[in-house]
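So this block is start_4.cif, mmCIF, C-alpha atoms and all ligand atoms; chains and numbers go by the auth columns:
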```cif
data_structure
#
loop_
_atom_site.group_PDB
_atom_site.id
_atom_site.type_symbol
_atom_site.label_atom_id
_atom_site.label_comp_id
_atom_site.label_asym_id
_atom_site.label_seq_id
_atom_site.Cartn_x
_atom_site.Cartn_y
_atom_site.Cartn_z
_atom_site.B_iso_or_equiv
_atom_site.auth_seq_id
_atom_site.auth_asym_id
ATOM 1 C CA MET A 1 69.890 129.464 -147.714 0.00 955 A
ATOM 2 C CA SER A 2 72.543 132.027 -146.850 0.00 956 A
ATOM 3 C CA ASP A 3 71.443 132.850 -143.311 0.00 957 A
ATOM 4 C CA VAL A 4 73.791 130.361 -141.709 0.00 958 A
ATOM 5 C CA ILE A 5 75.237 131.312 -138.336 0.00 959 A
ATOM 6 C CA ILE A 6 78.997 130.732 -138.231 0.00 960 A
ATOM 7 C CA SER A 7 80.333 130.328 -134.714 0.00 961 A
ATOM 8 C CA PRO A 8 84.130 129.933 -134.574 0.00 962 A
ATOM 9 C CA SER A 9 85.292 127.958 -131.548 0.00 963 A
ATOM 10 C CA ILE A 10 87.964 129.828 -129.607 0.00 964 A
ATOM 11 C CA LEU A 11 89.160 126.503 -128.224 0.00 965 A
ATOM 12 C CA SER A 12 91.557 126.529 -131.193 0.00 966 A
ATOM 13 C CA ALA A 13 92.620 130.145 -130.604 0.00 967 A
ATOM 14 C CA ASP A 14 95.837 131.219 -128.873 0.00 968 A
ATOM 15 C CA PHE A 15 94.676 131.809 -125.282 0.00 969 A
ATOM 16 C CA ALA A 16 97.607 134.173 -124.693 0.00 970 A
ATOM 17 C CA ASN A 17 96.281 136.321 -127.530 0.00 971 A
ATOM 18 C CA LEU A 18 92.552 135.844 -127.134 0.00 972 A
ATOM 19 C CA GLU A 19 91.528 139.419 -127.917 0.00 973 A
ATOM 20 C CA ARG A 20 93.547 139.359 -131.138 0.00 974 A
ATOM 21 C CA ASP A 21 92.071 135.992 -132.125 0.00 975 A
ATOM 22 C CA ILE A 22 88.512 137.143 -131.367 0.00 976 A
ATOM 23 C CA LYS A 23 88.924 140.294 -133.478 0.00 977 A
ATOM 24 C CA CYS A 24 90.368 138.187 -136.235 0.00 978 A
ATOM 25 C CA VAL A 25 87.218 136.026 -136.620 0.00 979 A
ATOM 26 C CA GLU A 26 84.943 139.045 -136.140 0.00 980 A
ATOM 27 C CA ASP A 27 86.722 140.777 -139.015 0.00 981 A
ATOM 28 C CA ALA A 28 86.338 137.616 -141.069 0.00 982 A
ATOM 29 C CA GLY A 29 82.540 137.785 -140.737 0.00 983 A
ATOM 30 C CA ALA A 30 81.832 135.407 -137.858 0.00 984 A
ATOM 31 C CA ASP A 31 78.292 135.716 -136.506 0.00 985 A
ATOM 32 C CA TRP A 32 78.757 134.274 -133.006 0.00 986 A
ATOM 33 C CA LEU A 33 81.724 133.320 -130.867 0.00 987 A
ATOM 34 C CA HIS A 34 81.630 129.703 -129.642 0.00 988 A
ATOM 35 C CA VAL A 35 83.019 129.327 -126.125 0.00 989 A
ATOM 36 C CA ASP A 36 83.682 125.745 -124.957 0.00 990 A
ATOM 37 C CA VAL A 37 83.392 125.356 -121.202 0.00 991 A
ATOM 38 C CA MET A 38 84.694 122.001 -119.891 0.00 992 A
ATOM 39 C CA ASP A 39 84.921 120.854 -116.295 0.00 993 A
ATOM 40 C CA GLY A 40 87.162 117.766 -116.344 0.00 994 A
ATOM 41 C CA HIS A 41 84.185 115.741 -115.090 0.00 995 A
ATOM 42 C CA PHE A 42 81.474 115.666 -117.775 0.00 996 A
ATOM 43 C CA VAL A 43 84.311 115.583 -120.302 0.00 997 A
ATOM 44 C CA PRO A 44 87.967 114.619 -119.760 0.00 998 A
ATOM 45 C CA ASN A 45 89.333 118.121 -120.319 0.00 999 A
ATOM 46 C CA ILE A 46 89.309 121.469 -118.512 0.00 1000 A
ATOM 47 C CA THR A 47 89.112 124.698 -120.493 0.00 1001 A
ATOM 48 C CA ILE A 48 87.684 128.020 -119.412 0.00 1002 A
ATOM 49 C CA GLY A 49 85.221 129.234 -116.796 0.00 1003 A
ATOM 50 C CA VAL A 50 83.114 132.198 -115.733 0.00 1004 A
ATOM 51 C CA PRO A 51 85.888 134.832 -115.242 0.00 1005 A
ATOM 52 C CA VAL A 52 87.315 134.239 -118.709 0.00 1006 A
ATOM 53 C CA VAL A 53 83.857 134.502 -120.289 0.00 1007 A
ATOM 54 C CA ALA A 54 83.385 137.832 -118.473 0.00 1008 A
ATOM 55 C CA SER A 55 86.690 139.091 -119.879 0.00 1009 A
ATOM 56 C CA ILE A 56 85.827 137.924 -123.388 0.00 1010 A
ATOM 57 C CA LYS A 57 82.538 139.826 -123.123 0.00 1011 A
ATOM 58 C CA LYS A 58 84.459 143.075 -122.674 0.00 1012 A
ATOM 59 C CA VAL A 59 86.181 142.761 -126.046 0.00 1013 A
ATOM 60 C CA ALA A 60 83.767 140.770 -128.226 0.00 1014 A
ATOM 61 C CA THR A 61 81.263 142.603 -130.405 0.00 1015 A
ATOM 62 C CA ILE A 62 79.331 139.497 -131.541 0.00 1016 A
ATOM 63 C CA PRO A 63 77.096 137.258 -129.362 0.00 1017 A
ATOM 64 C CA LEU A 64 78.748 134.724 -127.041 0.00 1018 A
ATOM 65 C CA ASP A 65 77.580 131.183 -127.807 0.00 1019 A
ATOM 66 C CA VAL A 66 78.518 129.308 -124.637 0.00 1020 A
ATOM 67 C CA HIS A 67 78.670 125.511 -124.872 0.00 1021 A
ATOM 68 C CA LEU A 68 78.596 124.030 -121.375 0.00 1022 A
ATOM 69 C CA MET A 69 80.237 120.607 -121.261 0.00 1023 A
ATOM 70 C CA ILE A 70 79.833 120.374 -117.510 0.00 1024 A
ATOM 71 C CA SER A 71 78.052 118.311 -114.887 0.00 1025 A
ATOM 72 C CA GLU A 72 75.218 119.974 -112.948 0.00 1026 A
ATOM 73 C CA PRO A 73 74.769 122.798 -115.492 0.00 1027 A
ATOM 74 C CA GLU A 74 71.781 124.138 -113.520 0.00 1028 A
ATOM 75 C CA LYS A 75 74.193 125.488 -110.892 0.00 1029 A
ATOM 76 C CA TYR A 76 76.057 127.643 -113.380 0.00 1030 A
ATOM 77 C CA ILE A 77 73.319 129.236 -115.506 0.00 1031 A
ATOM 78 C CA GLU A 78 73.155 132.492 -113.594 0.00 1032 A
ATOM 79 C CA PRO A 79 76.953 132.988 -113.369 0.00 1033 A
ATOM 80 C CA PHE A 80 77.365 132.451 -117.098 0.00 1034 A
ATOM 81 C CA VAL A 81 74.460 134.763 -117.937 0.00 1035 A
ATOM 82 C CA LYS A 82 75.964 137.441 -115.691 0.00 1036 A
ATOM 83 C CA ALA A 83 79.335 136.890 -117.378 0.00 1037 A
ATOM 84 C CA GLY A 84 77.710 137.729 -120.709 0.00 1038 A
ATOM 85 C CA ALA A 85 76.490 134.552 -122.431 0.00 1039 A
ATOM 86 C CA ASP A 86 73.924 135.293 -125.126 0.00 1040 A
ATOM 87 C CA ILE A 87 73.225 131.686 -126.067 0.00 1041 A
ATOM 88 C CA LEU A 88 73.613 129.095 -123.322 0.00 1042 A
ATOM 89 C CA THR A 89 73.764 125.417 -124.313 0.00 1043 A
ATOM 90 C CA PHE A 90 73.811 122.556 -121.821 0.00 1044 A
ATOM 91 C CA HIS A 91 74.208 118.835 -122.444 0.00 1045 A
ATOM 92 C CA TYR A 92 71.107 116.650 -122.305 0.00 1046 A
ATOM 93 C CA GLU A 93 73.233 113.840 -120.825 0.00 1047 A
ATOM 94 C CA ALA A 94 74.280 116.029 -117.888 0.00 1048 A
ATOM 95 C CA VAL A 95 70.729 116.532 -116.588 0.00 1049 A
ATOM 96 C CA GLU A 96 68.157 114.201 -114.994 0.00 1050 A
ATOM 97 C CA LYS A 97 65.364 113.689 -117.540 0.00 1051 A
ATOM 98 C CA GLU A 98 62.693 115.051 -115.210 0.00 1052 A
ATOM 99 C CA ASN A 99 64.635 118.321 -114.881 0.00 1053 A
ATOM 100 C CA VAL A 100 65.222 119.120 -118.558 0.00 1054 A
ATOM 101 C CA PHE A 101 62.134 121.287 -119.115 0.00 1055 A
ATOM 102 C CA ALA A 102 62.800 123.264 -115.929 0.00 1056 A
ATOM 103 C CA LEU A 103 66.383 123.923 -116.985 0.00 1057 A
ATOM 104 C CA ILE A 104 65.299 125.176 -120.414 0.00 1058 A
ATOM 105 C CA ASP A 105 62.780 127.503 -118.716 0.00 1059 A
ATOM 106 C CA LYS A 106 65.427 128.724 -116.307 0.00 1060 A
ATOM 107 C CA ILE A 107 67.803 129.692 -119.133 0.00 1061 A
ATOM 108 C CA LYS A 108 65.011 131.476 -121.002 0.00 1062 A
ATOM 109 C CA SER A 109 63.925 133.323 -117.861 0.00 1063 A
ATOM 110 C CA TYR A 110 67.212 135.264 -118.016 0.00 1064 A
ATOM 111 C CA GLY A 111 66.388 136.474 -121.516 0.00 1065 A
ATOM 112 C CA VAL A 112 69.110 134.475 -123.280 0.00 1066 A
ATOM 113 C CA LYS A 113 68.706 131.799 -125.946 0.00 1067 A
ATOM 114 C CA ALA A 114 68.393 128.242 -124.625 0.00 1068 A
ATOM 115 C CA GLY A 115 70.326 125.487 -126.375 0.00 1069 A
ATOM 116 C CA MET A 116 70.632 121.790 -125.669 0.00 1070 A
ATOM 117 C CA SER A 117 73.358 119.526 -127.012 0.00 1071 A
ATOM 118 C CA ILE A 118 73.489 115.782 -127.652 0.00 1072 A
ATOM 119 C CA LYS A 119 76.565 113.571 -127.674 0.00 1073 A
ATOM 120 C CA PRO A 120 77.239 111.126 -130.535 0.00 1074 A
ATOM 121 C CA LYS A 121 75.762 108.112 -128.744 0.00 1075 A
ATOM 122 C CA THR A 122 72.514 109.808 -127.744 0.00 1076 A
ATOM 123 C CA ASP A 123 69.518 108.698 -129.788 0.00 1077 A
ATOM 124 C CA VAL A 124 67.836 111.676 -131.438 0.00 1078 A
ATOM 125 C CA LYS A 125 64.390 110.169 -130.700 0.00 1079 A
ATOM 126 C CA GLU A 126 64.960 110.803 -127.000 0.00 1080 A
ATOM 127 C CA ILE A 127 65.049 114.565 -127.377 0.00 1081 A
ATOM 128 C CA LEU A 128 62.372 115.323 -129.986 0.00 1082 A
ATOM 129 C CA ASN A 129 59.764 116.362 -127.425 0.00 1083 A
ATOM 130 C CA TYR A 130 62.031 119.169 -126.174 0.00 1084 A
ATOM 131 C CA LEU A 131 62.473 120.860 -129.556 0.00 1085 A
ATOM 132 C CA SER A 132 59.450 123.142 -129.343 0.00 1086 A
ATOM 133 C CA GLN A 133 60.785 124.630 -126.071 0.00 1087 A
ATOM 134 C CA LEU A 134 64.349 125.157 -127.273 0.00 1088 A
ATOM 135 C CA ASP A 135 65.899 127.978 -129.305 0.00 1089 A
ATOM 136 C CA MET A 136 68.727 125.710 -130.467 0.00 1090 A
ATOM 137 C CA LEU A 137 69.668 122.038 -130.636 0.00 1091 A
ATOM 138 C CA LEU A 138 73.396 121.333 -130.933 0.00 1092 A
ATOM 139 C CA VAL A 139 74.324 118.057 -132.605 0.00 1093 A
ATOM 140 C CA MET A 140 77.827 116.892 -131.665 0.00 1094 A
ATOM 141 C CA THR A 141 79.654 115.198 -134.521 0.00 1095 A
ATOM 142 C CA VAL A 142 82.652 114.274 -132.336 0.00 1096 A
ATOM 143 C CA GLU A 143 82.871 113.132 -128.717 0.00 1097 A
ATOM 144 C CA PRO A 144 82.920 116.392 -126.749 0.00 1098 A
ATOM 145 C CA GLY A 145 86.200 117.243 -125.056 0.00 1099 A
ATOM 146 C CA PHE A 146 88.756 118.216 -127.646 0.00 1100 A
ATOM 147 C CA GLY A 147 89.157 120.201 -130.852 0.00 1101 A
ATOM 148 C CA GLY A 148 90.668 118.792 -134.020 0.00 1102 A
ATOM 149 C CA GLN A 149 88.827 115.437 -134.092 0.00 1103 A
ATOM 150 C CA LYS A 150 87.375 113.691 -137.123 0.00 1104 A
ATOM 151 C CA PHE A 151 83.764 114.363 -138.187 0.00 1105 A
ATOM 152 C CA MET A 152 81.386 111.427 -137.552 0.00 1106 A
ATOM 153 C CA PRO A 153 78.967 111.306 -140.528 0.00 1107 A
ATOM 154 C CA ASP A 154 76.425 109.041 -138.795 0.00 1108 A
ATOM 155 C CA CYS A 155 75.873 111.670 -136.106 0.00 1109 A
ATOM 156 C CA ALA A 156 75.116 114.329 -138.715 0.00 1110 A
ATOM 157 C CA GLU A 157 72.159 112.234 -139.937 0.00 1111 A
ATOM 158 C CA LYS A 158 70.339 113.301 -136.746 0.00 1112 A
ATOM 159 C CA ILE A 159 70.052 116.792 -138.229 0.00 1113 A
ATOM 160 C CA LYS A 160 67.527 115.515 -140.788 0.00 1114 A
ATOM 161 C CA THR A 161 65.215 114.119 -138.117 0.00 1115 A
ATOM 162 C CA ILE A 162 65.398 117.307 -136.051 0.00 1116 A
ATOM 163 C CA ARG A 163 64.759 119.574 -139.037 0.00 1117 A
ATOM 164 C CA ALA A 164 61.829 117.429 -140.191 0.00 1118 A
ATOM 165 C CA MET A 165 60.230 117.854 -136.747 0.00 1119 A
ATOM 166 C CA ASN A 166 60.870 121.581 -136.390 0.00 1120 A
ATOM 167 C CA LYS A 167 61.387 124.167 -139.110 0.00 1121 A
ATOM 168 C CA ASP A 168 62.160 127.106 -136.811 0.00 1122 A
ATOM 169 C CA ILE A 169 64.727 125.829 -134.341 0.00 1123 A
ATOM 170 C CA ILE A 170 68.401 126.644 -134.844 0.00 1124 A
ATOM 171 C CA VAL A 171 70.185 123.373 -135.573 0.00 1125 A
ATOM 172 C CA GLN A 172 73.868 123.791 -134.786 0.00 1126 A
ATOM 173 C CA VAL A 173 76.571 121.245 -135.499 0.00 1127 A
ATOM 174 C CA ASP A 174 79.939 121.005 -133.754 0.00 1128 A
ATOM 175 C CA GLY A 175 82.955 118.769 -134.310 0.00 1129 A
ATOM 176 C CA GLY A 176 85.185 118.280 -137.336 0.00 1130 A
ATOM 177 C CA ILE A 177 83.436 120.951 -139.394 0.00 1131 A
ATOM 178 C CA ASN A 178 85.165 122.240 -142.528 0.00 1132 A
ATOM 179 C CA ALA A 179 83.875 123.370 -145.943 0.00 1133 A
ATOM 180 C CA GLU A 180 83.117 119.799 -146.981 0.00 1134 A
ATOM 181 C CA THR A 181 81.507 118.442 -143.788 0.00 1135 A
ATOM 182 C CA GLY A 182 79.768 121.789 -143.248 0.00 1136 A
ATOM 183 C CA LYS A 183 78.068 121.426 -146.603 0.00 1137 A
ATOM 184 C CA ILE A 184 76.781 117.949 -145.684 0.00 1138 A
ATOM 185 C CA CYS A 185 75.293 119.372 -142.493 0.00 1139 A
ATOM 186 C CA ARG A 186 73.756 122.368 -144.282 0.00 1140 A
ATOM 187 C CA ASP A 187 72.169 120.032 -146.820 0.00 1141 A
ATOM 188 C CA TYR A 188 70.667 118.041 -143.933 0.00 1142 A
ATOM 189 C CA GLY A 189 69.144 121.242 -142.519 0.00 1143 A
ATOM 190 C CA ALA A 190 71.694 122.675 -140.091 0.00 1144 A
ATOM 191 C CA ASN A 191 71.752 126.492 -139.952 0.00 1145 A
ATOM 192 C CA SER A 192 74.618 127.046 -137.544 0.00 1146 A
ATOM 193 C CA LEU A 193 78.147 125.704 -137.927 0.00 1147 A
ATOM 194 C CA VAL A 194 80.790 125.639 -135.199 0.00 1148 A
ATOM 195 C CA ALA A 195 84.367 125.314 -136.395 0.00 1149 A
ATOM 196 C CA GLY A 196 87.555 125.524 -134.381 0.00 1150 A
ATOM 197 C CA SER A 197 90.617 124.018 -136.010 0.00 1151 A
ATOM 198 C CA TYR A 198 89.346 124.539 -139.575 0.00 1152 A
ATOM 199 C CA ILE A 199 89.118 128.302 -139.024 0.00 1153 A
ATOM 200 C CA TYR A 200 92.022 128.955 -136.683 0.00 1154 A
ATOM 201 C CA ARG A 201 94.508 126.727 -138.455 0.00 1155 A
ATOM 202 C CA SER A 202 93.652 128.143 -141.841 0.00 1156 A
ATOM 203 C CA PRO A 203 96.255 130.382 -143.511 0.00 1157 A
ATOM 204 C CA ASP A 204 93.360 132.610 -144.623 0.00 1158 A
ATOM 205 C CA ILE A 205 90.770 132.947 -141.866 0.00 1159 A
ATOM 206 C CA LYS A 206 88.537 135.242 -143.909 0.00 1160 A
ATOM 207 C CA GLU A 207 88.356 132.662 -146.663 0.00 1161 A
ATOM 208 C CA ALA A 208 87.727 129.844 -144.175 0.00 1162 A
ATOM 209 C CA VAL A 209 84.704 131.650 -142.712 0.00 1163 A
ATOM 210 C CA ALA A 210 83.522 132.595 -146.210 0.00 1164 A
ATOM 211 C CA SER A 211 83.783 128.976 -147.366 0.00 1165 A
ATOM 212 C CA LEU A 212 81.416 127.889 -144.588 0.00 1166 A
ATOM 213 C CA LYS A 213 78.928 130.629 -145.500 0.00 1167 A
ATOM 214 C CA ARG A 214 79.074 130.055 -149.222 0.00 1168 A
ATOM 215 C CA GLN A 215 77.359 126.666 -149.387 0.00 1169 A
HETATM 216 C C1 LIG B . 84.601 119.894 -128.786 0.00 1201 A
HETATM 217 C C2 LIG B . 84.062 121.295 -128.798 0.00 1201 A
HETATM 218 C C3 LIG B . 84.160 121.943 -130.113 0.00 1201 A
HETATM 219 C C4 LIG B . 85.552 122.069 -130.671 0.00 1201 A
HETATM 220 C C5 LIG B . 85.426 121.903 -132.151 0.00 1201 A
HETATM 221 O O1 LIG B . 84.213 119.241 -127.637 0.00 1201 A
HETATM 222 O O2 LIG B . 82.714 121.331 -128.395 0.00 1201 A
HETATM 223 O O3 LIG B . 83.497 123.212 -130.142 0.00 1201 A
HETATM 224 O O4 LIG B . 86.189 123.285 -130.395 0.00 1201 A
HETATM 225 O O5 LIG B . 86.690 121.833 -132.696 0.00 1201 A
HETATM 226 P P1 LIG B . 86.922 121.361 -134.204 0.00 1201 A
HETATM 227 O O6 LIG B . 86.155 122.319 -135.074 0.00 1201 A
HETATM 228 O O7 LIG B . 88.395 121.479 -134.348 0.00 1201 A
HETATM 229 O O8 LIG B . 86.424 119.946 -134.312 0.00 1201 A
HETATM 230 ZN ZN ZN B . 81.640 123.266 -128.722 0.00 1202 A
#
```
Take the structure I supplied and represent it as structure tokens, if you would.
Ligand code: DX5
Ligand code: ZN
Amino acid sequence: MSDVIISPSILSADFANLERDIKCVEDAGADWLHVDVMDGHFVPNITIGVPVVASIKKVATIPLDVHLMISEPEKYIEPFVKAGADILTFHYEAVEKENVFALIDKIKSYGVKAGMSIKPKTDVKEILNYLSQLDMLLVMTVEPGFGGQKFMPDCAEKIKTIRAMNKDIIVQVDGGINAETGKICRDYGANSLVAGSYIYRSPDIKEAVASLKRQ
């Protein structure tokens, strides 16, 4: 399977040279651009918000894959769509269970792809009934909040269960992905890989992206 979607995380880019670092991964063959939005509440870190996403949209030529690690994501769907998100992923743990379906519908109503993400401690069985409504399920293989953490192999096992339930959904994996851990996830059935530090800290970015696609 060569149709893997590589989504470099700009969290590991140089924010003072964001345009340069976006072009750099586009030239290397990246498919999407992964944008990590953190609010200092759902996760213990603050990154970027709506105005920065709008500025990124002006220079990026590939789809913006926006990963919302924020509380009350329902309040921010419209602003992020207007800023230019093409794929909008919220965290299952940030939403009351009875509101999950409505939130997925809301994202889709704007004509963008709807993604939902699960943290390492969330049991995959809890989310299986949402798969048919979602465009993408994002499996976190680190605790969300920071780049450069170590891949948690037990979390990646969830990919198998998700893929067995649904052949069509995009299964994305995020956290500690490199050529080796990416291959494990691909073998389990993932078809989208997020990588931040592996790509941006590589001396050869083109080769780093290629190595994730090659498997
Ligand atoms: C972590 C973010 C990731 C992060 C991945 O909370 O969601 O997207 O940038 O970074 P690496 O690839 O360095 O683990
Ligand atoms: Zn992310």
_Show me which residues are within 8 Å of ligand LIG 1201 (chain A) counting only C-alpha atoms and all ligand atoms, and format the list as a PyMOL selection string._
chain A and resi 962-966+988-990+1021+1023+1094+1096-1105+1128-1132+1148-1153
*asked:* Applying 7 Å and all atoms listed in the file, which residues near segment 1002-1018 of chain A remain after dropping the ones on its own chain fewer than 6 positions away? List them as a ChimeraX atom specification.
replied: /A:973,976,985-989,991-992,1033-1034,1037-1041
*Between A:Glu1052, A:Asp1108, A:Glu1161, A:Asp1019, which one has atoms that come closest to ligand ZN 1202 (chain A), using all atoms listed in the file?*
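Once distances to ligand ZN 1202 (chain A) are computed over all atoms listed in the file, the minimum belongs to A:Asp1019.
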*asked:* Taking all atoms listed in the file into account, name the residue in A:Cys978, A:Ala1164, A:Ala1068, A:Leu1092 that is nearest to ligand ZN 1202 (chain A).
replied: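 Among the listed residues, A:Leu1092 lies closest to ligand ZN 1202 (chain A).
Taking all atoms listed in the file into account, Gly1136 of chain A lies nearest to A:Gln1169 out of the set A:Ile1116, A:Ile959, A:Gln1169, A:Pro1157.
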*Hey, can you check how far atom CA of Lys1073 of chain A sits from atom CA of Ala982 of chain A?*
29.2 Å
*Rank nothing, just name the residue among A:Asp975, A:Glu980, A:Tyr1064, A:Ser1146 nearest to Lys1036 of chain A, using all atoms listed in the file.*
A:Tyr1064
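You will find atom CA of Ala1162 of chain A at 9.8 Å from atom CA of Val979 of chain A.
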*Take atom CA of Ser1071 of chain A and atom CA of Ala984 of chain A and report the distance between them in Å, one decimal.*
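That distance, rounded to one decimal, is 21.0 Å.
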_Selection dump of the PyMOL selection byres (((chain A and resi 1122) around 10) and not hetatm), as a VMD selection string_ = chain A and resid 1085 to 1086 1088 to 1090 1117 1119 to 1121 1123 to 1125
_Need to verify the contact set: Lys1062 of chain A, 10 Å, all atoms listed in the file, exclusion of same-chain residues closer than 3 positions in sequence. Can you return it as a ChimeraX atom specification?_
/A:1041-1042,1056-1059,1065-1069,1087-1089
*Extract, using all atoms listed in the file, all DNA, RNA and protein residues at most 12 Å from Ala1118 of chain A, discarding same-chain residues fewer than 6 positions from it, and format them as a PyMOL selection string.*
chain A and resi 1082+1085+1111-1112+1125+1142-1144
Residue selection dump (C-alpha atoms) as a PDB file, in the coordinates of the input:
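Saved file out_36.pdb follows:
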```pdb
ATOM      1  CA  LEU A1082      62.372 115.323-129.986  1.00  0.00           C
ATOM      2  CA  LEU A1085      62.473 120.860-129.556  1.00  0.00           C
ATOM      3  CA  GLU A1111      72.159 112.234-139.937  1.00  0.00           C
ATOM      4  CA  LYS A1112      70.339 113.301-136.746  1.00  0.00           C
ATOM      5  CA  VAL A1125      70.185 123.373-135.573  1.00  0.00           C
ATOM      6  CA  TYR A1142      70.667 118.041-143.933  1.00  0.00           C
ATOM      7  CA  GLY A1143      69.144 121.242-142.519  1.00  0.00           C
ATOM      8  CA  ALA A1144      71.694 122.675-140.091  1.00  0.00           C
TER       9      ALA A1144
END
```
_Pick from A:Leu1166, A:Leu1022, A:Ile960, A:Ile1000 nearest to ligand ZN 1202 (chain A), counting all atoms listed in the file_ = A:Leu1022
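If you measure from each of A:Thr1095, A:Lys1075, A:Asp957, A:Glu1134 to ligand ZN 1202 (chain A) using only C-alpha atoms and all ligand atoms, the closest one turns out to be A:Thr1095.
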Incomplete segment 1032-1038 of chain A filled out to all heavy atoms as a PDB file, keeping the file's coordinate frame:
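result.pdb was written with the following content:
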```
ATOM      1  N   GLU A1032      73.109 131.076-113.964  1.00  0.00           N
ATOM      2  CA  GLU A1032      73.155 132.492-113.594  1.00  0.00           C
ATOM      3  C   GLU A1032      74.575 133.081-113.714  1.00  0.00           C
ATOM      4  O   GLU A1032      74.746 134.157-114.307  1.00  0.00           O
ATOM      5  CB  GLU A1032      72.586 132.701-112.191  1.00  0.00           C
ATOM      6  CG  GLU A1032      72.503 134.181-111.856  1.00  0.00           C
ATOM      7  CD  GLU A1032      71.670 134.461-110.615  1.00  0.00           C
ATOM      8  OE1 GLU A1032      70.695 133.728-110.353  1.00  0.00           O
ATOM      9  OE2 GLU A1032      72.009 135.417-109.909  1.00  0.00           O
ATOM     10  N   PRO A1033      75.602 132.420-113.195  1.00  0.00           N
ATOM     11  CA  PRO A1033      76.953 132.988-113.369  1.00  0.00           C
ATOM     12  C   PRO A1033      77.345 133.203-114.829  1.00  0.00           C
ATOM     13  O   PRO A1033      77.941 134.239-115.165  1.00  0.00           O
ATOM     14  CB  PRO A1033      77.866 131.931-112.720  1.00  0.00           C
ATOM     15  CG  PRO A1033      77.001 131.225-111.739  1.00  0.00           C
ATOM     16  CD  PRO A1033      75.610 131.241-112.313  1.00  0.00           C
ATOM     17  N   PHE A1034      76.981 132.260-115.697  1.00  0.00           N
ATOM     18  CA  PHE A1034      77.365 132.451-117.098  1.00  0.00           C
ATOM     19  C   PHE A1034      76.519 133.529-117.782  1.00  0.00           C
ATOM     20  O   PHE A1034      77.020 134.243-118.651  1.00  0.00           O
ATOM     21  CB  PHE A1034      77.319 131.123-117.872  1.00  0.00           C
ATOM     22  CG  PHE A1034      78.563 130.295-117.670  1.00  0.00           C
ATOM     23  CD1 PHE A1034      78.544 129.165-116.860  1.00  0.00           C
ATOM     24  CD2 PHE A1034      79.767 130.665-118.250  1.00  0.00           C
ATOM     25  CE1 PHE A1034      79.697 128.419-116.651  1.00  0.00           C
ATOM     26  CE2 PHE A1034      80.935 129.928-118.049  1.00  0.00           C
ATOM     27  CZ  PHE A1034      80.897 128.802-117.241  1.00  0.00           C
ATOM     28  N   VAL A1035      75.263 133.669-117.384  1.00  0.00           N
ATOM     29  CA  VAL A1035      74.460 134.763-117.937  1.00  0.00           C
ATOM     30  C   VAL A1035      75.054 136.093-117.488  1.00  0.00           C
ATOM     31  O   VAL A1035      75.249 137.008-118.292  1.00  0.00           O
ATOM     32  CB  VAL A1035      72.979 134.650-117.487  1.00  0.00           C
ATOM     33  CG1 VAL A1035      72.215 135.924-117.852  1.00  0.00           C
ATOM     34  CG2 VAL A1035      72.310 133.435-118.127  1.00  0.00           C
ATOM     35  N   LYS A1036      75.387 136.177-116.208  1.00  0.00           N
ATOM     36  CA  LYS A1036      75.964 137.441-115.691  1.00  0.00           C
ATOM     37  C   LYS A1036      77.306 137.745-116.346  1.00  0.00           C
ATOM     38  O   LYS A1036      77.682 138.909-116.515  1.00  0.00           O
ATOM     39  CB  LYS A1036      76.116 137.368-114.174  1.00  0.00           C
ATOM     40  CG  LYS A1036      74.763 137.467-113.488  1.00  0.00           C
ATOM     41  CD  LYS A1036      74.891 137.744-112.011  1.00  0.00           C
ATOM     42  CE  LYS A1036      73.538 138.133-111.422  1.00  0.00           C
ATOM     43  NZ  LYS A1036      73.400 137.728-110.024  1.00  0.00           N
ATOM     44  N   ALA A1037      78.039 136.698-116.712  1.00  0.00           N
ATOM     45  CA  ALA A1037      79.335 136.890-117.378  1.00  0.00           C
ATOM     46  C   ALA A1037      79.166 137.367-118.817  1.00  0.00           C
ATOM     47  O   ALA A1037      80.114 137.866-119.417  1.00  0.00           O
ATOM     48  CB  ALA A1037      80.135 135.598-117.342  1.00  0.00           C
ATOM     49  N   GLY A1038      77.950 137.186-119.371  1.00  0.00           N
ATOM     50  CA  GLY A1038      77.710 137.729-120.709  1.00  0.00           C
ATOM     51  C   GLY A1038      77.310 136.745-121.790  1.00  0.00           C
ATOM     52  O   GLY A1038      77.298 137.094-122.970  1.00  0.00           O
TER      53      GLY A1038
END
```
